[in-house]
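Asker: See my_file.cif below, with mmCIF, C-alpha atoms.
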```
data_entry
#
loop_
_atom_site.label_atom_id
_atom_site.label_comp_id
_atom_site.auth_asym_id
_atom_site.auth_seq_id
_atom_site.Cartn_x
_atom_site.Cartn_y
_atom_site.Cartn_z
CA MET A 1 -96.56 123.82 19.58
CA MET A 2 -92.93 124.40 18.75
CA ASN A 3 -90.45 125.79 21.13
CA LYS A 4 -89.03 128.77 19.30
CA SER A 5 -86.69 129.93 22.04
CA THR A 6 -84.47 126.92 21.91
CA ALA A 7 -81.13 127.55 20.34
CA GLY A 8 -79.90 125.29 17.62
CA SER A 9 -76.45 124.82 16.21
CA SER A 10 -74.72 124.11 12.95
CA LYS A 11 -71.21 123.35 11.92
CA ASN A 12 -69.11 126.01 10.27
CA VAL A 13 -66.46 125.34 7.69
CA GLN A 14 -63.99 124.39 10.44
CA GLY A 15 -66.42 121.81 11.68
CA THR A 16 -67.04 123.46 15.04
CA GLU A 17 -70.52 123.91 16.37
CA VAL A 18 -71.86 127.43 15.90
CA PRO A 19 -74.88 128.36 18.01
CA VAL A 20 -77.78 129.78 16.08
CA ASP A 21 -80.40 131.95 17.67
CA LEU A 22 -83.70 130.37 16.76
CA GLY A 23 -85.65 133.32 18.08
CA ASP A 24 -87.40 135.77 15.87
CA SER A 25 -84.94 138.56 16.45
CA VAL A 26 -83.17 140.40 13.67
CA SER A 27 -82.64 138.12 10.72
CA THR A 28 -79.27 138.16 9.05
CA PRO A 29 -78.39 136.24 5.90
CA ASP A 30 -75.69 134.30 7.73
CA ASP A 31 -78.10 133.15 10.41
CA ASP A 32 -80.55 132.20 7.73
CA LEU A 33 -77.97 130.05 5.97
CA ARG A 34 -77.10 128.24 9.17
CA LEU A 35 -80.74 127.56 9.88
CA VAL A 36 -81.28 126.46 6.31
CA ALA A 37 -78.39 124.01 6.60
CA LEU A 38 -79.99 122.49 9.70
CA ALA A 39 -83.43 122.44 8.13
CA GLN A 40 -82.04 120.70 5.06
CA LYS A 41 -81.01 117.90 7.40
CA GLY A 42 -84.63 117.63 8.56
CA ASP A 43 -84.46 119.82 11.66
CA MET A 44 -88.01 121.07 12.03
CA ARG A 45 -87.13 123.50 14.84
CA SER A 46 -84.71 125.33 12.58
CA TYR A 47 -87.28 125.56 9.87
CA ASP A 48 -89.82 126.80 12.37
CA ALA A 49 -87.34 129.52 13.30
CA LEU A 50 -86.95 130.44 9.64
CA VAL A 51 -90.72 130.69 9.30
CA THR A 52 -90.85 132.95 12.33
CA ARG A 53 -88.12 135.20 10.95
CA HIS A 54 -89.65 135.63 7.50
CA ARG A 55 -93.40 135.19 7.92
CA GLY A 56 -93.95 138.92 8.54
CA ARG A 57 -92.29 140.03 5.31
CA ILE A 58 -93.92 137.33 3.21
CA PHE A 59 -97.34 137.99 4.69
CA ALA A 60 -96.99 141.77 4.20
CA MET A 61 -95.82 141.29 0.63
CA ILE A 62 -98.66 138.95 -0.31
CA ARG A 63 -101.24 140.98 1.53
CA ASN A 64 -100.21 144.11 -0.36
CA MET A 65 -100.31 142.14 -3.61
CA ILE A 66 -103.79 140.67 -3.28
CA HIS A 67 -105.44 142.98 -0.70
CA GLN A 68 -107.15 140.07 1.06
CA GLU A 69 -105.96 139.21 4.53
CA ALA A 70 -107.49 135.73 4.81
CA ASP A 71 -106.17 134.59 1.45
CA ALA A 72 -102.81 136.21 2.19
CA TRP A 73 -102.63 134.14 5.39
CA ASP A 74 -103.29 130.91 3.47
CA LEU A 75 -100.94 131.80 0.63
CA SER A 76 -98.15 132.72 3.03
CA GLN A 77 -98.45 129.28 4.56
CA GLU A 78 -98.34 127.74 1.12
CA VAL A 79 -95.11 129.62 0.44
CA PHE A 80 -93.42 128.11 3.49
CA ILE A 81 -94.75 124.62 2.78
CA LYS A 82 -93.47 124.78 -0.80
CA ALA A 83 -90.19 126.21 0.40
CA TRP A 84 -89.78 123.25 2.75
CA HIS A 85 -90.27 120.76 -0.06
CA ALA A 86 -87.88 122.72 -2.31
CA LEU A 87 -85.32 123.24 0.44
CA PRO A 88 -83.00 120.43 -0.72
CA ARG A 89 -82.55 122.36 -3.98
CA PHE A 90 -81.71 125.67 -2.29
CA GLU A 91 -78.04 126.35 -3.02
CA ALA A 92 -77.55 129.65 -1.21
CA LYS A 93 -76.72 131.48 -4.44
CA ALA A 94 -79.23 134.07 -3.32
CA ARG A 95 -80.40 135.21 0.07
CA PHE A 96 -82.97 132.91 1.65
CA SER A 97 -85.40 135.81 1.81
CA THR A 98 -85.03 136.49 -1.92
CA TRP A 99 -85.65 132.82 -2.60
CA LEU A 100 -88.81 133.01 -0.50
CA TYR A 101 -89.99 136.06 -2.43
CA ARG A 102 -89.50 134.08 -5.61
CA ILE A 103 -91.73 131.29 -4.29
CA ALA A 104 -94.25 133.87 -3.10
CA HIS A 105 -94.26 135.40 -6.59
CA ASN A 106 -95.14 132.01 -8.11
CA VAL A 107 -97.76 131.22 -5.48
CA VAL A 108 -99.51 134.57 -5.95
CA TYR A 109 -99.51 134.30 -9.74
CA ASP A 110 -100.82 130.73 -9.63
CA TRP A 111 -103.56 131.83 -7.24
CA THR A 112 -104.46 134.79 -9.44
CA ARG A 113 -104.60 132.60 -12.54
CA LYS A 114 -106.83 130.01 -10.87
CA ARG A 115 -109.06 132.71 -9.49
CA LYS A 116 -109.52 134.22 -12.93
CA ILE A 117 -110.50 130.83 -14.33
CA GLU A 118 -112.87 130.02 -11.46
CA SER A 119 -114.52 133.43 -11.55
CA ALA A 120 -115.02 133.41 -15.31
CA GLY A 121 -118.66 134.16 -15.93
CA GLU A 122 -119.33 135.11 -12.33
CA LEU A 123 -120.29 138.54 -11.13
CA ASN A 124 -117.37 140.92 -11.51
CA ASP A 125 -117.21 142.80 -8.24
CA GLU A 126 -114.76 145.27 -9.73
CA ILE A 127 -117.74 147.10 -11.11
CA PHE A 128 -118.53 148.09 -7.55
CA GLU A 129 -115.39 150.13 -7.11
CA ARG A 130 -116.38 153.38 -5.52
CA ASP A 131 -114.96 155.62 -8.19
CA ARG A 132 -117.09 153.88 -10.80
CA ILE A 133 -120.33 154.42 -8.94
CA ASP A 134 -122.34 157.53 -9.61
CA PRO A 135 -122.08 159.52 -6.39
CA ALA A 136 -125.53 161.00 -7.05
CA ALA A 137 -127.15 157.61 -7.11
CA THR A 138 -129.65 157.17 -4.28
CA THR A 139 -128.25 153.72 -3.49
CA ALA A 140 -124.57 154.70 -3.63
CA PRO A 141 -122.61 153.29 -0.69
CA ALA A 142 -121.00 155.67 1.73
CA GLY A 143 -117.60 156.81 0.45
CA GLY A 144 -115.87 157.04 3.80
CA GLU A 145 -113.47 154.48 5.22
CA ALA A 146 -114.79 151.51 7.06
CA PRO A 147 -114.32 152.03 10.81
CA ASP A 148 -111.90 149.13 11.15
CA GLU A 149 -109.81 150.42 8.25
CA SER A 150 -109.73 153.84 9.78
CA MET A 151 -108.46 152.44 13.05
CA SER A 152 -105.87 150.00 11.78
CA HIS A 153 -104.54 151.97 8.85
CA GLY A 154 -103.66 155.56 8.45
CA GLU A 155 -105.47 157.59 5.88
CA LEU A 156 -102.39 157.73 3.69
CA ARG A 157 -101.95 154.00 3.82
CA VAL A 158 -105.48 153.47 2.61
CA LYS A 159 -104.85 155.85 -0.27
CA ILE A 160 -101.56 154.22 -1.19
CA GLU A 161 -103.13 150.78 -1.06
CA ALA A 162 -105.98 151.98 -3.25
CA ALA A 163 -103.49 153.46 -5.71
CA LEU A 164 -101.46 150.27 -5.72
CA GLY A 165 -104.64 148.37 -6.46
CA LYS A 166 -104.97 150.32 -9.69
CA LEU A 167 -101.58 149.20 -10.95
CA SER A 168 -101.03 146.03 -12.93
CA GLY A 169 -99.75 143.03 -10.99
CA GLU A 170 -96.22 143.44 -12.38
CA HIS A 171 -96.05 147.15 -11.57
CA ARG A 172 -97.49 146.65 -8.10
CA GLU A 173 -95.05 143.87 -7.34
CA VAL A 174 -91.99 145.79 -8.48
CA VAL A 175 -92.94 148.80 -6.35
CA LEU A 176 -93.55 146.63 -3.29
CA LEU A 177 -90.29 144.74 -3.71
CA LYS A 178 -88.27 147.89 -4.28
CA ASP A 179 -89.84 150.58 -2.18
CA VAL A 180 -91.30 148.52 0.65
CA GLN A 181 -89.14 145.42 0.90
CA GLY A 182 -85.95 147.17 -0.18
CA LEU A 183 -84.70 144.59 -2.67
CA SER A 184 -82.08 145.53 -5.24
CA TYR A 185 -82.77 145.58 -8.96
CA LYS A 186 -80.85 142.33 -9.34
CA GLU A 187 -82.84 140.60 -6.61
CA ILE A 188 -86.13 141.80 -8.06
CA ALA A 189 -85.10 140.47 -11.47
CA ASP A 190 -84.39 137.09 -9.85
CA VAL A 191 -87.70 137.09 -7.99
CA MET A 192 -89.78 138.04 -11.01
CA GLY A 193 -87.77 135.97 -13.45
CA THR A 194 -87.11 138.85 -15.78
CA SER A 195 -84.25 141.05 -16.97
CA LEU A 196 -82.68 143.97 -15.14
CA GLY A 197 -83.81 146.36 -17.85
CA THR A 198 -87.41 145.19 -17.57
CA VAL A 199 -87.35 145.73 -13.82
CA MET A 200 -85.96 149.25 -14.27
CA SER A 201 -88.57 150.06 -16.87
CA ARG A 202 -91.45 148.65 -14.82
CA LEU A 203 -90.35 150.53 -11.71
CA PHE A 204 -90.03 153.79 -13.63
CA TYR A 205 -93.54 153.61 -15.07
CA ALA A 206 -95.10 152.19 -11.91
CA ARG A 207 -93.75 155.06 -9.82
CA GLN A 208 -94.91 157.59 -12.39
CA LYS A 209 -98.42 156.21 -12.28
CA LEU A 210 -98.48 155.99 -8.49
CA GLN A 211 -97.20 159.53 -8.11
CA ALA A 212 -99.90 160.75 -10.49
CA LEU A 213 -102.56 158.92 -8.46
CA LEU A 214 -101.16 160.26 -5.21
CA LYS A 215 -100.09 163.70 -6.41
CA ASP A 216 -101.90 165.58 -3.63
CA GLU A 217 -100.37 163.51 -0.87
CA TYR A 218 -96.98 163.35 -2.55
CA LYS A 219 -96.64 167.13 -2.97
CA SER A 220 -97.84 167.94 0.53
CA ARG A 221 -95.07 165.87 2.12
CA MET B 1 -86.52 153.28 -20.81
CA ASN B 2 -83.13 153.09 -22.39
CA THR B 3 -80.94 150.61 -20.54
CA ASN B 4 -77.59 151.21 -22.19
CA PRO B 5 -74.70 150.94 -19.70
CA ASP B 6 -74.75 154.62 -18.72
CA GLU B 7 -78.48 154.65 -18.25
CA ALA B 8 -78.34 151.44 -16.25
CA LYS B 9 -75.55 152.85 -14.09
CA LEU B 10 -77.52 156.03 -13.56
CA ALA B 11 -80.57 153.98 -12.53
CA LEU B 12 -78.44 152.08 -10.02
CA TRP B 13 -76.99 155.35 -8.67
CA LEU B 14 -80.47 156.85 -8.31
CA GLU B 15 -81.42 153.86 -6.16
CA ASP B 16 -78.21 154.01 -4.11
CA GLU B 17 -77.11 150.67 -5.54
CA LEU B 18 -73.68 151.77 -6.75
CA HIS B 19 -70.78 151.08 -4.41
CA GLY B 20 -67.03 151.32 -4.14
CA ASP B 21 -64.90 152.48 -7.02
CA GLU B 22 -67.79 152.34 -9.41
CA LEU B 23 -69.67 154.83 -7.27
CA LYS B 24 -66.69 157.15 -6.95
CA SER B 25 -65.97 157.24 -10.65
CA PHE B 26 -69.61 157.72 -11.55
CA GLU B 27 -70.15 160.48 -9.01
CA GLN B 28 -67.34 162.50 -10.52
CA TRP B 29 -69.65 163.03 -13.43
CA VAL B 30 -73.13 162.74 -11.99
CA LEU B 31 -72.62 165.19 -9.13
CA THR B 32 -72.17 167.89 -11.73
CA GLN B 33 -75.66 167.16 -13.06
CA PRO B 34 -78.21 169.01 -10.90
CA GLU B 35 -81.22 167.32 -12.50
CA HIS B 36 -79.91 163.86 -11.56
CA ILE B 37 -79.20 164.96 -8.02
CA ALA B 38 -82.74 166.32 -7.77
CA ALA B 39 -84.09 163.09 -9.23
CA ARG B 40 -82.27 161.05 -6.60
CA GLU B 41 -83.64 163.24 -3.83
CA GLY B 42 -87.12 162.81 -5.24
CA ILE B 43 -86.76 159.05 -5.27
CA ARG B 44 -85.41 159.01 -1.71
CA HIS B 45 -88.34 161.15 -0.58
CA TRP B 46 -90.78 158.87 -2.37
CA LYS B 47 -89.29 155.72 -0.91
CA GLN B 48 -89.38 157.18 2.57
CA MET B 49 -93.04 158.06 2.21
CA ILE B 50 -93.96 154.60 0.96
CA SER B 51 -91.79 152.65 3.38
CA THR B 52 -93.00 154.54 6.42
CA THR B 53 -96.60 154.04 5.39
CA LEU B 54 -96.57 150.44 4.26
CA PRO B 55 -94.72 148.26 6.75
CA GLU B 56 -92.00 146.03 5.41
CA SER B 57 -93.07 143.31 7.81
CA GLU B 58 -96.47 142.59 9.30
CA GLU B 59 -97.14 139.65 11.55
CA PRO B 60 -99.91 137.43 10.25
CA PRO B 61 -102.91 137.00 12.55
CA TYR B 62 -102.48 134.15 15.05
CA PRO B 63 -98.76 133.77 14.34
CA ASP B 64 -98.30 130.67 16.55
CA PHE B 65 -101.16 128.93 14.81
CA PHE B 66 -99.64 130.06 11.52
CA ASN B 67 -96.38 128.27 12.36
CA SER B 68 -98.03 125.19 13.83
CA ARG B 69 -100.11 124.64 10.70
CA ILE B 70 -96.98 124.77 8.54
CA ILE B 71 -95.09 122.37 10.76
CA GLN B 72 -98.10 120.05 10.81
CA ALA B 73 -98.34 120.13 7.02
CA ILE B 74 -94.69 119.38 6.41
CA SER B 75 -94.51 116.74 9.16
CA GLN B 76 -97.18 114.59 7.58
CA PRO B 77 -95.65 111.81 5.56
CA VAL B 78 -96.33 112.13 1.91
CA THR B 79 -99.34 109.95 1.29
CA ALA B 80 -98.45 107.08 -0.91
CA ALA B 81 -100.26 106.73 -4.15
CA PRO B 82 -102.86 103.96 -4.25
CA ALA B 83 -101.24 100.57 -4.73
CA MET B 84 -100.98 99.99 -8.43
CA PRO B 85 -98.92 97.58 -10.45
CA ALA B 86 -95.49 98.98 -10.81
CA ALA B 87 -95.34 100.79 -14.08
CA LYS B 88 -92.36 99.63 -16.06
CA ALA B 89 -90.45 102.24 -17.88
CA THR B 90 -91.39 102.05 -21.53
CA PRO B 91 -88.35 101.48 -23.70
CA PHE B 92 -87.76 104.08 -26.38
CA TRP B 93 -88.30 101.67 -29.25
CA LYS B 94 -91.69 100.71 -27.86
CA SER B 95 -92.87 104.26 -28.03
CA TRP B 96 -92.86 104.20 -31.84
CA LEU B 97 -93.07 100.45 -32.49
CA MET B 98 -96.44 100.01 -30.82
CA PRO B 99 -98.28 102.63 -32.88
CA ALA B 100 -96.57 101.37 -36.04
CA SER B 101 -97.62 97.78 -35.27
CA ALA B 102 -101.17 98.87 -34.65
CA PHE B 103 -101.26 100.71 -37.96
CA ALA B 104 -99.80 97.73 -39.82
CA GLY B 105 -102.42 95.48 -38.21
CA MET B 106 -105.19 97.76 -39.36
CA VAL B 107 -103.86 97.75 -42.91
CA LEU B 108 -103.58 93.94 -42.90
CA ALA B 109 -107.09 93.52 -41.57
CA PHE B 110 -108.41 95.85 -44.25
CA TRP B 111 -106.57 93.93 -46.96
CA VAL B 112 -107.87 90.56 -45.73
CA GLY B 113 -111.35 92.01 -45.67
CA THR B 114 -111.08 93.10 -49.25
CA GLN B 115 -109.76 89.68 -50.27
CA THR B 116 -112.55 87.69 -48.63
CA SER B 117 -115.29 89.81 -50.15
CA GLN B 118 -113.95 89.63 -53.70
CA PRO B 119 -115.69 86.31 -54.74
CA GLU B 120 -119.06 87.84 -53.97
CA VAL B 121 -118.16 90.80 -56.12
CA ARG B 122 -117.10 88.50 -58.98
CA GLN B 123 -120.33 86.49 -58.74
CA THR B 124 -122.32 89.61 -59.01
CA VAL B 125 -120.29 90.89 -61.90
CA SER B 126 -120.15 87.57 -63.77
CA VAL B 127 -123.85 86.78 -63.69
CA PRO B 128 -124.61 85.94 -67.31
CA SER B 129 -127.16 87.93 -69.11
CA LYS B 130 -130.46 86.35 -69.99
CA THR B 131 -129.42 85.67 -73.59
CA GLU B 132 -126.28 83.84 -72.55
CA PHE B 133 -128.09 81.48 -70.17
CA GLN B 134 -127.97 77.85 -71.43
CA PRO B 135 -129.89 75.59 -69.05
CA ILE B 136 -129.25 71.91 -68.87
CA VAL B 137 -132.44 70.03 -69.79
CA TYR B 138 -132.81 66.60 -68.39
CA THR B 139 -135.07 64.08 -70.16
CA PRO B 140 -136.32 60.79 -68.71
CA ASP B 141 -135.68 58.80 -71.84
CA GLY B 142 -132.30 58.52 -73.36
CA GLU B 143 -133.70 58.49 -76.90
CA VAL B 144 -135.46 61.75 -76.35
CA ASN B 145 -133.56 64.81 -77.33
CA ALA B 146 -134.47 68.09 -75.75
CA VAL B 147 -133.54 71.41 -77.29
CA TRP B 148 -134.04 74.66 -75.47
CA THR B 149 -134.38 77.90 -77.35
CA SER B 150 -134.97 81.31 -75.96
CA GLY B 151 -136.34 84.36 -77.68
CA ALA B 152 -137.19 87.85 -76.66
CA ASP B 153 -140.65 86.93 -75.49
CA ALA B 154 -140.56 83.25 -74.68
CA SER B 155 -138.46 80.23 -73.96
CA VAL B 156 -139.29 76.98 -75.78
CA ILE B 157 -138.18 73.45 -75.06
CA VAL B 158 -138.57 71.08 -78.00
CA LEU B 159 -138.59 67.38 -77.20
CA GLU B 160 -137.70 65.13 -80.11
CA GLY B 161 -138.31 61.40 -79.99
CA VAL B 162 -141.18 61.49 -77.59
CA ASN B 163 -144.05 59.18 -78.49
CA PRO B 164 -147.36 60.90 -79.19
CA ILE B 165 -149.56 61.11 -76.14
CA PRO B 166 -152.87 59.26 -76.73
CA ASP B 167 -155.95 61.36 -76.36
CA ALA B 168 -157.35 58.87 -73.92
CA THR B 169 -154.64 59.45 -71.45
CA ASP B 170 -156.06 60.64 -68.16
CA PHE B 171 -153.49 62.92 -66.59
CA THR B 172 -155.27 62.89 -63.30
CA GLU B 173 -154.20 59.32 -62.80
CA THR B 174 -150.60 60.35 -62.94
CA VAL B 175 -150.96 63.01 -60.25
CA TYR B 176 -151.77 62.47 -56.61
CA MET B 177 -153.76 65.29 -55.14
CA ASP B 178 -154.67 65.32 -51.48
CA THR B 179 -158.25 66.43 -51.80
CA ASP B 180 -161.69 65.26 -50.90
CA HIS B 181 -162.78 65.56 -54.45
CA GLU B 182 -161.20 64.41 -57.56
CA ILE B 183 -160.36 67.29 -59.75
CA ASP B 184 -160.44 67.12 -63.48
CA SER B 185 -158.42 69.98 -64.64
CA THR B 186 -159.91 69.65 -68.06
CA ALA B 187 -163.50 69.83 -66.82
CA GLY B 188 -165.49 73.02 -66.62
CA ARG B 189 -166.58 74.52 -63.35
CA ASP B 190 -170.07 73.19 -63.86
CA SER B 191 -168.82 69.68 -63.88
CA LEU B 192 -167.33 69.93 -60.44
CA PRO B 193 -169.03 67.47 -58.11
CA HIS B 194 -171.18 68.91 -55.44
#
```
Could you spell out this file's structure in structure tokens?
Answerer:
Amino acid sequence: MMNKSTAGSSKNVQGTEVPVDLGDSVSTPDDDLRLVALAQKGDMRSYDALVTRHRGRIFAMIRNMIHQEADAWDLSQEVFIKAWHALPRFEAKARFSTWLYRIAHNVVYDWTRKRKIESAGELNDEIFERDRIDPAATTAPAGGEAPDESMSHGELRVKIEAALGKLSGEHREVVLLKDVQGLSYKEIADVMGTSLGTVMSRLFYARQKLQALLKDEYKSR
Amino acid sequence: MNTNPDEAKLALWLEDELHGDELKSFEQWVLTQPEHIAAREGIRHWKQMISTTLPESEEPPYPDFFNSRIIQAISQPVTAAPAMPAAKATPFWKSWLMPASAFAGMVLAFWVGTQTSQPEVRQTVSVPSKTEFQPIVYTPDGEVNAVWTSGADASVIVLEGVNPIPDATDFTETVYMDTDHEIDSTAGRDSLPH
């Protein structure tokens, strides 16, 4: 197991050693860049610190994208493993976190594509969505929340997640990056590999659809 | 959505992404537009509702194990590919010369094939018709002249200079036949010895 409390150091432009907090406290872009510089030299402890700093955001992002915790756990790991191998090419033109979101975007879309191919011809479990089942059917499942969902998530969160699940992948991602992760339009365009105008357009329509799906909750707050 | 410069700037202002002088100059106009101010408030309200409900960061289950698996994966040396003869880089000219050579070889082989089979074709084509056939007739005696003529129904060989065959000539004496009984081809069936 890695020792995450050990402090590392990197050289600044004057060549003096600058201590870097390897703990998982507040992550700043400057700290990230120092850790990245150390990790690029092969320092595993620095990379471990970077993983600790960013794993929560990446996991939350992927989990909200695919709505499957176990797969989100695996895919988040894949993001950090791919990031390690691509680290020599990271040039600090963007924030390290934005760069990670870009890798996460690719990993999630690859996973989705493979899953579509593998599940071709299999039973489509989307037909079991609750709103598509006749509530009068004698075998209809109970419509209430599962107990564990009810405990770990608020009612609103469940509704927002359900509404997000009804958006397309692009619309869902742009809402999550903007409204949850707080990225700028420019950063989202970099992450999704698209133009600023496309991001603005997607966000506009995604919010409209979400607000329509959540109109009761949205108006009452 | 129209993304001309003003629209794009308005979108940035609505998201609180305009700063500095750009913000000041834009707000001189936009703060006189009540609908845009209301729109920005609506977006702020929306973002607050979403961001307070869905956490920006959420620790993955078993976070230490999460890290250790990553470190383990990236610490493993990249497994070398199975030992194979070192592949030499193919020169550019080889990339088009090899297919061209193969094609030329196929054409040559086809041509040689057609050349070697031609005599058989000619034999078949040049077989003389029945009327053109002139056989060579050999005769045992140099003074005997043999003439072969062929008609529609029969072929006839006329031997000139052959002495008349005496009636007493017994042809059976000139032929050896490996049989228990002597056969007289001129005799009737009733004359066959029993």
Asker: Rank nothing, just name the residue among A:Ala72, A:Leu167, A:Ser97, A:Leu87 nearest to Gly182 in chain A, using only C-alpha atoms.
Answerer: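 The shortest atom-to-atom distance to Gly182 in chain A comes from A:Ser97.
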Asker: Run the PyMOL selection byres ((chain B) within 10 of (chain A)) against the file shown and list the residues it catches, as a PyMOL selection string.
Answerer: chain B and resi 1-4+7-8+11-12+15-17+43-75
Asker: Can you list what the PyMOL selection byres ((chain A and resi 193) around 12) grabs from this structure, as JSON, numbers by chain?
Answerer: {"A": [98, 99, 101, 102, 103, 105, 106, 170, 174, 185, 186, 187, 188, 189, 190, 191, 192, 194, 195, 196, 197, 198, 199]}
Asker: CA of Leu213 in chain A and CA of Met65 in chain A are how many Å apart?
Answerer: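 Atom-to-atom, CA of Leu213 in chain A to CA of Met65 in chain A, that is 17.6 Å.
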Asker: In Å to one decimal, how far is CA of Gln68 in chain A from CA of Ala162 in chain A?
Answerer: 12.7 Å
Asker: Just how far from CA of Glu41 in chain B is CA of Lys9 in chain B, in Å to one decimal?
Answerer: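 CA of Lys9 in chain B sits 16.7 Å away from CA of Glu41 in chain B.
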Asker: Please fill the gaps in range 194-216 of chain A so it has N, CA and C atoms, and write that as a PDB file, keeping the file's coordinate frame.
Answerer:
```pdb
ATOM      1  N   THR A 194     -87.187 137.987 -14.612  1.00  0.00           N
ATOM      2  CA  THR A 194     -87.110 138.850 -15.780  1.00  0.00           C
ATOM      3  C   THR A 194     -85.756 139.565 -15.817  1.00  0.00           C
ATOM      4  N   SER A 195     -85.562 140.411 -16.819  1.00  0.00           N
ATOM      5  CA  SER A 195     -84.250 141.050 -16.970  1.00  0.00           C
ATOM      6  C   SER A 195     -84.154 142.317 -16.109  1.00  0.00           C
ATOM      7  N   LEU A 196     -82.933 142.748 -15.913  1.00  0.00           N
ATOM      8  CA  LEU A 196     -82.680 143.970 -15.140  1.00  0.00           C
ATOM      9  C   LEU A 196     -83.347 145.177 -15.806  1.00  0.00           C
ATOM     10  N   GLY A 197     -83.226 145.246 -17.117  1.00  0.00           N
ATOM     11  CA  GLY A 197     -83.810 146.360 -17.850  1.00  0.00           C
ATOM     12  C   GLY A 197     -85.325 146.412 -17.707  1.00  0.00           C
ATOM     13  N   THR A 198     -85.951 145.237 -17.728  1.00  0.00           N
ATOM     14  CA  THR A 198     -87.410 145.190 -17.570  1.00  0.00           C
ATOM     15  C   THR A 198     -87.813 145.677 -16.184  1.00  0.00           C
ATOM     16  N   VAL A 199     -87.042 145.281 -15.182  1.00  0.00           N
ATOM     17  CA  VAL A 199     -87.350 145.730 -13.820  1.00  0.00           C
ATOM     18  C   VAL A 199     -87.229 147.249 -13.731  1.00  0.00           C
ATOM     19  N   MET A 200     -86.159 147.795 -14.306  1.00  0.00           N
ATOM     20  CA  MET A 200     -85.960 149.250 -14.270  1.00  0.00           C
ATOM     21  C   MET A 200     -87.107 149.970 -14.974  1.00  0.00           C
ATOM     22  N   SER A 201     -87.491 149.444 -16.102  1.00  0.00           N
ATOM     23  CA  SER A 201     -88.570 150.060 -16.870  1.00  0.00           C
ATOM     24  C   SER A 201     -89.895 149.988 -16.108  1.00  0.00           C
ATOM     25  N   ARG A 202     -90.178 148.804 -15.549  1.00  0.00           N
ATOM     26  CA  ARG A 202     -91.450 148.650 -14.820  1.00  0.00           C
ATOM     27  C   ARG A 202     -91.490 149.583 -13.608  1.00  0.00           C
ATOM     28  N   LEU A 203     -90.375 149.678 -12.914  1.00  0.00           N
ATOM     29  CA  LEU A 203     -90.350 150.530 -11.710  1.00  0.00           C
ATOM     30  C   LEU A 203     -90.552 151.990 -12.098  1.00  0.00           C
ATOM     31  N   PHE A 204     -89.914 152.397 -13.181  1.00  0.00           N
ATOM     32  CA  PHE A 204     -90.030 153.790 -13.630  1.00  0.00           C
ATOM     33  C   PHE A 204     -91.493 154.138 -13.911  1.00  0.00           C
ATOM     34  N   TYR A 205     -92.156 153.304 -14.702  1.00  0.00           N
ATOM     35  CA  TYR A 205     -93.540 153.610 -15.070  1.00  0.00           C
ATOM     36  C   TYR A 205     -94.506 153.405 -13.906  1.00  0.00           C
ATOM     37  N   ALA A 206     -94.226 152.424 -13.060  1.00  0.00           N
ATOM     38  CA  ALA A 206     -95.100 152.190 -11.910  1.00  0.00           C
ATOM     39  C   ALA A 206     -95.055 153.376 -10.949  1.00  0.00           C
ATOM     40  N   ARG A 207     -93.858 153.903 -10.711  1.00  0.00           N
ATOM     41  CA  ARG A 207     -93.750 155.060  -9.820  1.00  0.00           C
ATOM     42  C   ARG A 207     -94.441 156.280 -10.426  1.00  0.00           C
ATOM     43  N   GLN A 208     -94.260 156.457 -11.728  1.00  0.00           N
ATOM     44  CA  GLN A 208     -94.910 157.590 -12.390  1.00  0.00           C
ATOM     45  C   GLN A 208     -96.419 157.537 -12.209  1.00  0.00           C
ATOM     46  N   LYS A 209     -96.973 156.352 -12.396  1.00  0.00           N
ATOM     47  CA  LYS A 209     -98.420 156.210 -12.280  1.00  0.00           C
ATOM     48  C   LYS A 209     -98.875 156.420 -10.839  1.00  0.00           C
ATOM     49  N   LEU A 210     -98.127 155.841  -9.911  1.00  0.00           N
ATOM     50  CA  LEU A 210     -98.480 155.990  -8.490  1.00  0.00           C
ATOM     51  C   LEU A 210     -98.409 157.453  -8.062  1.00  0.00           C
ATOM     52  N   GLN A 211     -97.362 158.137  -8.497  1.00  0.00           N
ATOM     53  CA  GLN A 211     -97.200 159.530  -8.110  1.00  0.00           C
ATOM     54  C   GLN A 211     -98.312 160.397  -8.708  1.00  0.00           C
ATOM     55  N   ALA A 212     -98.772 160.017  -9.892  1.00  0.00           N
ATOM     56  CA  ALA A 212     -99.900 160.750 -10.490  1.00  0.00           C
ATOM     57  C   ALA A 212    -101.173 160.500  -9.687  1.00  0.00           C
ATOM     58  N   LEU A 213    -101.362 159.257  -9.246  1.00  0.00           N
ATOM     59  CA  LEU A 213    -102.560 158.920  -8.460  1.00  0.00           C
ATOM     60  C   LEU A 213    -102.519 159.557  -7.071  1.00  0.00           C
ATOM     61  N   LEU A 214    -101.310 159.738  -6.577  1.00  0.00           N
ATOM     62  CA  LEU A 214    -101.160 160.260  -5.210  1.00  0.00           C
ATOM     63  C   LEU A 214    -100.565 161.669  -5.210  1.00  0.00           C
ATOM     64  N   LYS A 215    -100.803 162.422  -6.258  1.00  0.00           N
ATOM     65  CA  LYS A 215    -100.090 163.700  -6.410  1.00  0.00           C
ATOM     66  C   LYS A 215    -100.356 164.656  -5.253  1.00  0.00           C
ATOM     67  N   ASP A 216    -101.584 164.654  -4.732  1.00  0.00           N
ATOM     68  CA  ASP A 216    -101.900 165.580  -3.630  1.00  0.00           C
ATOM     69  C   ASP A 216    -101.092 165.226  -2.379  1.00  0.00           C
TER      70      ASP A 216
END
```
